[in-house]
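Visitor: Structure file model09.pdb (PDB, C-alpha atoms) right here:
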```
MODEL        1
ATOM      1  CA  MET A   4       2.301 -10.543   4.810
ATOM      2  CA  ARG A   5       5.449 -12.128   6.133
ATOM      3  CA  ARG A   6       7.448 -10.496   8.890
ATOM      4  CA  GLU A   7      10.302  -9.332   6.636
ATOM      5  CA  GLN A   8       7.776  -7.633   4.308
ATOM      6  CA  ARG A   9       6.272  -5.384   7.014
ATOM      7  CA  LEU A  10       7.315  -2.216   8.775
ATOM      8  CA  ARG A  11       6.842  -2.845  12.485
ATOM      9  CA  ARG A  12       8.701  -0.205  14.496
ATOM     10  CA  GLY A  13       7.512   3.345  14.971
ATOM     11  CA  VAL A  14      11.014   4.621  14.213
ATOM     12  CA  ASP A  15      10.788   3.092  10.729
ATOM     13  CA  PHE A  16       7.413   4.713  10.081
ATOM     14  CA  ASP A  17       8.763   8.086  11.226
ATOM     15  CA  ARG A  18      11.892   7.734   9.070
ATOM     16  CA  VAL A  19       9.877   6.997   5.920
ATOM     17  CA  ARG A  20       7.472   9.881   6.545
ATOM     18  CA  ALA A  21      10.368  12.262   7.278
ATOM     19  CA  ASN A  22      11.768  11.490   3.820
ATOM     20  CA  ARG A  23       8.856  13.554   2.406
ATOM     21  CA  ARG A  24       8.506  11.567  -0.843
ATOM     22  CA  SER A  25       4.770  10.977  -1.060
ATOM     23  CA  TRP A  26       2.036  10.512  -3.610
ATOM     24  CA  ALA A  27      -1.637  10.967  -2.906
ATOM     25  CA  HIS A  28      -4.986   9.673  -4.073
ATOM     26  CA  PRO A  29      -8.385  10.643  -2.620
ATOM     27  CA  LEU A  30      -8.441   7.296  -0.769
ATOM     28  CA  LEU A  31      -4.755   6.785   0.126
ATOM     29  CA  VAL A  32      -1.412   8.478   0.620
ATOM     30  CA  CYS A  33       1.796   6.531   0.088
ATOM     31  CA  TYR A  34       5.271   7.497   1.354
ATOM     32  CA  GLU A  35       8.426   5.933  -0.065
ATOM     33  CA  GLN A  36      12.058   5.711   1.021
ATOM     34  CA  PHE A  37      14.945   3.930  -0.668
ATOM     35  CA  ARG A  38      17.050   1.959   1.827
ATOM     36  CA  GLY A  39      19.920   1.151  -0.536
ATOM     37  CA  ASP A  40      20.095  -2.589   0.093
ATOM     38  CA  SER A  41      18.791  -5.691  -1.663
ATOM     39  CA  GLU A  42      16.437  -6.742   1.133
ATOM     40  CA  PRO A  43      12.722  -7.150   0.319
ATOM     41  CA  THR A  44      10.535  -4.057   0.208
ATOM     42  CA  ARG A  45       8.706  -3.464   3.483
ATOM     43  CA  VAL A  46       5.165  -2.084   3.664
ATOM     44  CA  GLY A  47       3.531  -0.384   6.642
ATOM     45  CA  ILE A  48      -0.168   0.495   6.879
ATOM     46  CA  VAL A  49      -1.603   3.360   8.937
ATOM     47  CA  VAL A  50      -5.315   3.968   9.507
ATOM     48  CA  GLY A  51      -6.001   6.850  11.883
ATOM     49  CA  ARG A  52      -8.864   7.236  14.318
ATOM     50  CA  ARG A  53     -10.653   9.844  12.246
ATOM     51  CA  VAL A  54     -11.308   7.178   9.590
ATOM     52  CA  GLY A  55     -13.734   5.318  11.830
ATOM     53  CA  LYS A  56     -14.160   3.052  14.816
ATOM     54  CA  ALA A  57     -11.885   0.082  15.497
ATOM     55  CA  ALA A  58     -13.833  -2.433  13.409
ATOM     56  CA  THR A  59     -13.805  -0.095  10.404
ATOM     57  CA  ARG A  60     -10.088   0.636  10.776
ATOM     58  CA  ASN A  61      -9.257  -3.063  11.029
ATOM     59  CA  ARG A  62     -11.352  -3.854   7.941
ATOM     60  CA  ILE A  63      -9.502  -1.186   5.954
ATOM     61  CA  LYS A  64      -6.132  -2.524   7.156
ATOM     62  CA  ARG A  65      -7.074  -6.067   6.121
ATOM     63  CA  ARG A  66      -8.148  -4.855   2.673
ATOM     64  CA  ILE A  67      -4.995  -2.806   2.102
ATOM     65  CA  ARG A  68      -2.867  -5.717   3.329
ATOM     66  CA  GLU A  69      -4.559  -8.064   0.841
ATOM     67  CA  ILE A  70      -4.071  -5.594  -2.010
ATOM     68  CA  SER A  71      -0.419  -5.100  -1.023
ATOM     69  CA  ARG A  72       0.056  -8.856  -1.032
ATOM     70  CA  ALA A  73      -1.292  -9.050  -4.590
ATOM     71  CA  LEU A  74       0.909  -6.184  -5.841
ATOM     72  CA  TYR A  75       4.017  -7.183  -3.870
ATOM     73  CA  PRO A  76       5.716  -9.422  -6.485
ATOM     74  CA  GLN A  77       5.989  -6.487  -8.916
ATOM     75  CA  LEU A  78       7.721  -4.161  -6.397
ATOM     76  CA  HIS A  79      11.470  -3.537  -6.563
ATOM     77  CA  PRO A  80      13.515  -4.594  -3.479
ATOM     78  CA  GLY A  81      15.222  -2.172  -1.125
ATOM     79  CA  TYR A  82      12.367   0.244  -0.365
ATOM     80  CA  ASP A  83      10.156   1.078   2.596
ATOM     81  CA  LEU A  84       6.547   2.127   1.952
ATOM     82  CA  VAL A  85       3.980   3.599   4.324
ATOM     83  CA  VAL A  86       0.368   3.515   3.116
ATOM     84  CA  ILE A  87      -1.983   5.881   4.955
ATOM     85  CA  ALA A  88      -5.737   5.438   4.535
ATOM     86  CA  ARG A  89      -7.811   8.586   4.215
ATOM     87  CA  GLN A  90     -11.334   8.993   5.561
ATOM     88  CA  PRO A  91     -13.202   8.190   2.285
ATOM     89  CA  SER A  92     -11.540   4.748   2.224
ATOM     90  CA  ALA A  93     -13.980   3.627   4.943
ATOM     91  CA  GLY A  94     -16.836   3.488   2.438
ATOM     92  CA  ALA A  95     -14.785   2.402  -0.575
ATOM     93  CA  ALA A  96     -15.119  -0.992  -2.198
ATOM     94  CA  LEU A  97     -12.167  -3.363  -2.435
ATOM     95  CA  SER A  98     -11.840  -2.719  -6.161
ATOM     96  CA  ASP A  99     -11.686   1.045  -5.537
ATOM     97  CA  LEU A 100      -8.930   0.585  -2.960
ATOM     98  CA  PHE A 101      -7.079  -1.727  -5.358
ATOM     99  CA  THR A 102      -7.237   0.885  -8.128
ATOM    100  CA  ALA A 103      -6.124   3.631  -5.720
ATOM    101  CA  LEU A 104      -3.119   1.731  -4.373
ATOM    102  CA  GLU A 105      -2.151   0.545  -7.837
ATOM    103  CA  SER A 106      -2.260   4.071  -9.249
ATOM    104  CA  VAL A 107      -0.172   5.461  -6.381
ATOM    105  CA  ILE A 108       2.413   2.668  -6.525
ATOM    106  CA  THR A 109       2.892   3.002 -10.285
ATOM    107  CA  ARG A 110       3.956   6.608  -9.680
ATOM    108  CA  LEU A 111       6.508   5.521  -7.060
ATOM    109  CA  THR A 112      10.034   4.430  -7.933
ATOM    110  CA  VAL A 113       9.439   1.071  -6.247
ATOM    111  CA  GLY A 114       6.529   0.217  -8.564
ATOM    112  CA  ARG A 115       7.946   1.121 -11.962
ATOM    113  CA  GLY A 116       7.410  -2.427 -13.266
ATOM    114  CA  LEU A 117       3.757  -2.406 -12.263
ATOM    115  CA  SER A 118       2.513  -0.783 -15.467
ATOM    116  CA  GLU A 119       3.778  -3.728 -17.562
ATOM    117  CA  ALA A 120       2.014  -6.188 -15.248
ATOM    118  CA  ARG A 121      -1.239  -4.264 -15.637
ATOM    119  CA  THR A 122      -1.123  -4.669 -19.412
ATOM    120  CA  ARG A 123      -0.625  -8.429 -19.010
ATOM    121  CA  GLY A 124      -3.677  -8.688 -16.725
ATOM    122  CA  THR A 125      -1.901 -10.406 -13.821
ATOM    123  CA  ASP A 126      -3.290  -8.109 -11.133
ATOM    124  CA  LYS A 127      -7.032  -8.677 -11.556
ATOM    125  CA  ALA A 128      -7.305 -11.492  -8.977
ATOM    126  CA  VAL A 129      -8.062  -9.147  -6.077
ATOM    127  CA  VAL A 130     -10.681  -7.178  -8.004
ATOM    128  CA  GLN A 131     -12.543 -10.433  -8.660
ATOM    129  CA  LYS A 132     -12.776 -11.068  -4.888
ATOM    130  CA  ASP A 133     -14.835  -7.906  -4.289
ATOM    131  CA  ALA A 134     -17.655  -9.780  -2.574
ATOM    132  CA  THR A 135     -17.434  -7.875   0.719
TER     133      THR A 135
ENDMDL
END
```
Would you encode the structure as structure tokens?
Guide:
Amino acid sequence: MRREQRLRRGVDFDRVRANRRSWAHPLLVCYEQFRGDSEPTRVGIVVGRRVGKAATRNRIKRRIREISRALYPQLHPGYDLVVIARQPSAGAALSDLFTALESVITRLTVGRGLSEARTRGTDKAVVQKDAT
């Protein structure tokens, strides 16, 4: 993801989590905060140490980043999102993570247009790549 599409500072992560607007799935938790500007939505990914060792955490981050990249065009601008991977995401397939993130984002304000895209079939490219 490009630099302007990512959350990079710890202060930003803390601010989004302090907003307390979150939605959960057994694999992921997603926090949302409206910034009130027309800048692109920024996404931050957190994978804690209890999920697994470094290689496992990095693999999960790469998968969530790829899924976020596929879903990004349908997101409304002006939001900050923090996606937190839960422990079962270590053994989940890419298609399971895609379904989890998609279901959480459609419940968020930022992803209200995502349900129309799902009916058109534009988001199935990542699920097809589930070769890992």
Visitor: Check what the PyMOL selection byres ((chain A and resi 39-42) around 10) selects in the file above and give those residues as a ChimeraX atom specification.
Guide: /A:7-8,36-38,43-45,79-82
Visitor: How many Å separate CA of Ala93 in chain A from CA of Leu10 in chain A?
Guide: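 Calculated distance between CA of Ala93 in chain A and CA of Leu10 in chain A is 22.4 Å.
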Visitor: Suppose you want the space between CA of Thr112 in chain A and CA of Asn61 in chain A; what is it in Å?
Guide: 28.1 Å
Visitor: Skipping near chain neighbours, those fewer than 6 positions away, what residues fall within 12 Å of Gly13 in chain A using all atoms listed in the file, listed as a list in words?
Guide: Val19, Arg20, Gly47, Ile48, Val49 and Val85 of chain A
Visitor: The selected residues should be written to file as a PDB file, keeping the file's coordinate frame (atoms: C-alpha atoms).
Guide:
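Result file follows (result06.pdb):
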```
ATOM      1  CA  VAL A  19       9.877   6.997   5.920  1.00  0.00           C
ATOM      2  CA  ARG A  20       7.472   9.881   6.545  1.00  0.00           C
ATOM      3  CA  GLY A  47       3.531  -0.384   6.642  1.00  0.00           C
ATOM      4  CA  ILE A  48      -0.168   0.495   6.879  1.00  0.00           C
ATOM      5  CA  VAL A  49      -1.603   3.360   8.937  1.00  0.00           C
ATOM      6  CA  VAL A  85       3.980   3.599   4.324  1.00  0.00           C
TER       7      VAL A  85
END
```
Visitor: Name every residue that the PyMOL selection byres ((chain A and resi 70) around 8) selects in this structure, writing the answer as an mmCIF file with C-alpha atoms, in the coordinates of the input with chains first and numbers rising.
Guide:
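And here is the file that came out, expr12.cif:
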```cif
data_model
loop_
_atom_site.group_PDB
_atom_site.id
_atom_site.type_symbol
_atom_site.label_atom_id
_atom_site.label_comp_id
_atom_site.auth_asym_id
_atom_site.auth_seq_id
_atom_site.Cartn_x
_atom_site.Cartn_y
_atom_site.Cartn_z
ATOM 1 C CA ARG A 66 -8.148 -4.855 2.673
ATOM 2 C CA ILE A 67 -4.995 -2.806 2.102
ATOM 3 C CA ARG A 68 -2.867 -5.717 3.329
ATOM 4 C CA GLU A 69 -4.559 -8.064 0.841
ATOM 5 C CA SER A 71 -0.419 -5.100 -1.023
ATOM 6 C CA ARG A 72 0.056 -8.856 -1.032
ATOM 7 C CA ALA A 73 -1.292 -9.050 -4.590
ATOM 8 C CA LEU A 74 0.909 -6.184 -5.841
ATOM 9 C CA LEU A 100 -8.930 0.585 -2.960
ATOM 10 C CA PHE A 101 -7.079 -1.727 -5.358
ATOM 11 C CA LEU A 104 -3.119 1.731 -4.373
ATOM 12 C CA VAL A 129 -8.062 -9.147 -6.077
#
```
Visitor: Residues at most 9 Å from Ile87 in chain A, counting only C-alpha atoms, excluding those fewer than 6 positions away in the same chain, as a PDB file with C-alpha atoms, in the frame of the given file?
Guide:
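Output file around22.pdb is given in full below:
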```pdb
ATOM      1  CA  LEU A  30      -8.441   7.296  -0.769  1.00  0.00           C
ATOM      2  CA  LEU A  31      -4.755   6.785   0.126  1.00  0.00           C
ATOM      3  CA  VAL A  32      -1.412   8.478   0.620  1.00  0.00           C
ATOM      4  CA  CYS A  33       1.796   6.531   0.088  1.00  0.00           C
ATOM      5  CA  TYR A  34       5.271   7.497   1.354  1.00  0.00           C
ATOM      6  CA  GLY A  47       3.531  -0.384   6.642  1.00  0.00           C
ATOM      7  CA  ILE A  48      -0.168   0.495   6.879  1.00  0.00           C
ATOM      8  CA  VAL A  49      -1.603   3.360   8.937  1.00  0.00           C
ATOM      9  CA  VAL A  50      -5.315   3.968   9.507  1.00  0.00           C
ATOM     10  CA  GLY A  51      -6.001   6.850  11.883  1.00  0.00           C
TER      11      GLY A  51
END
```
Visitor: Interatomic distance between CA of Ser92 in chain A and CA of His28 in chain A?
Guide: 10.3 Å
Visitor: Considering all atoms listed in the file, can you say which of A:Asn22, A:Glu35, A:Met4, A:Gly114 comes closest to Asp83 in chain A?
Guide: A:Glu35
Visitor: Measuring atom to atom with only C-alpha atoms, identify which of A:Val54, A:Leu84, A:Ile63, A:Leu97 is nearest to Arg18 in chain A.
Guide: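 For Arg18 in chain A, the nearest of the candidates is A:Leu84.
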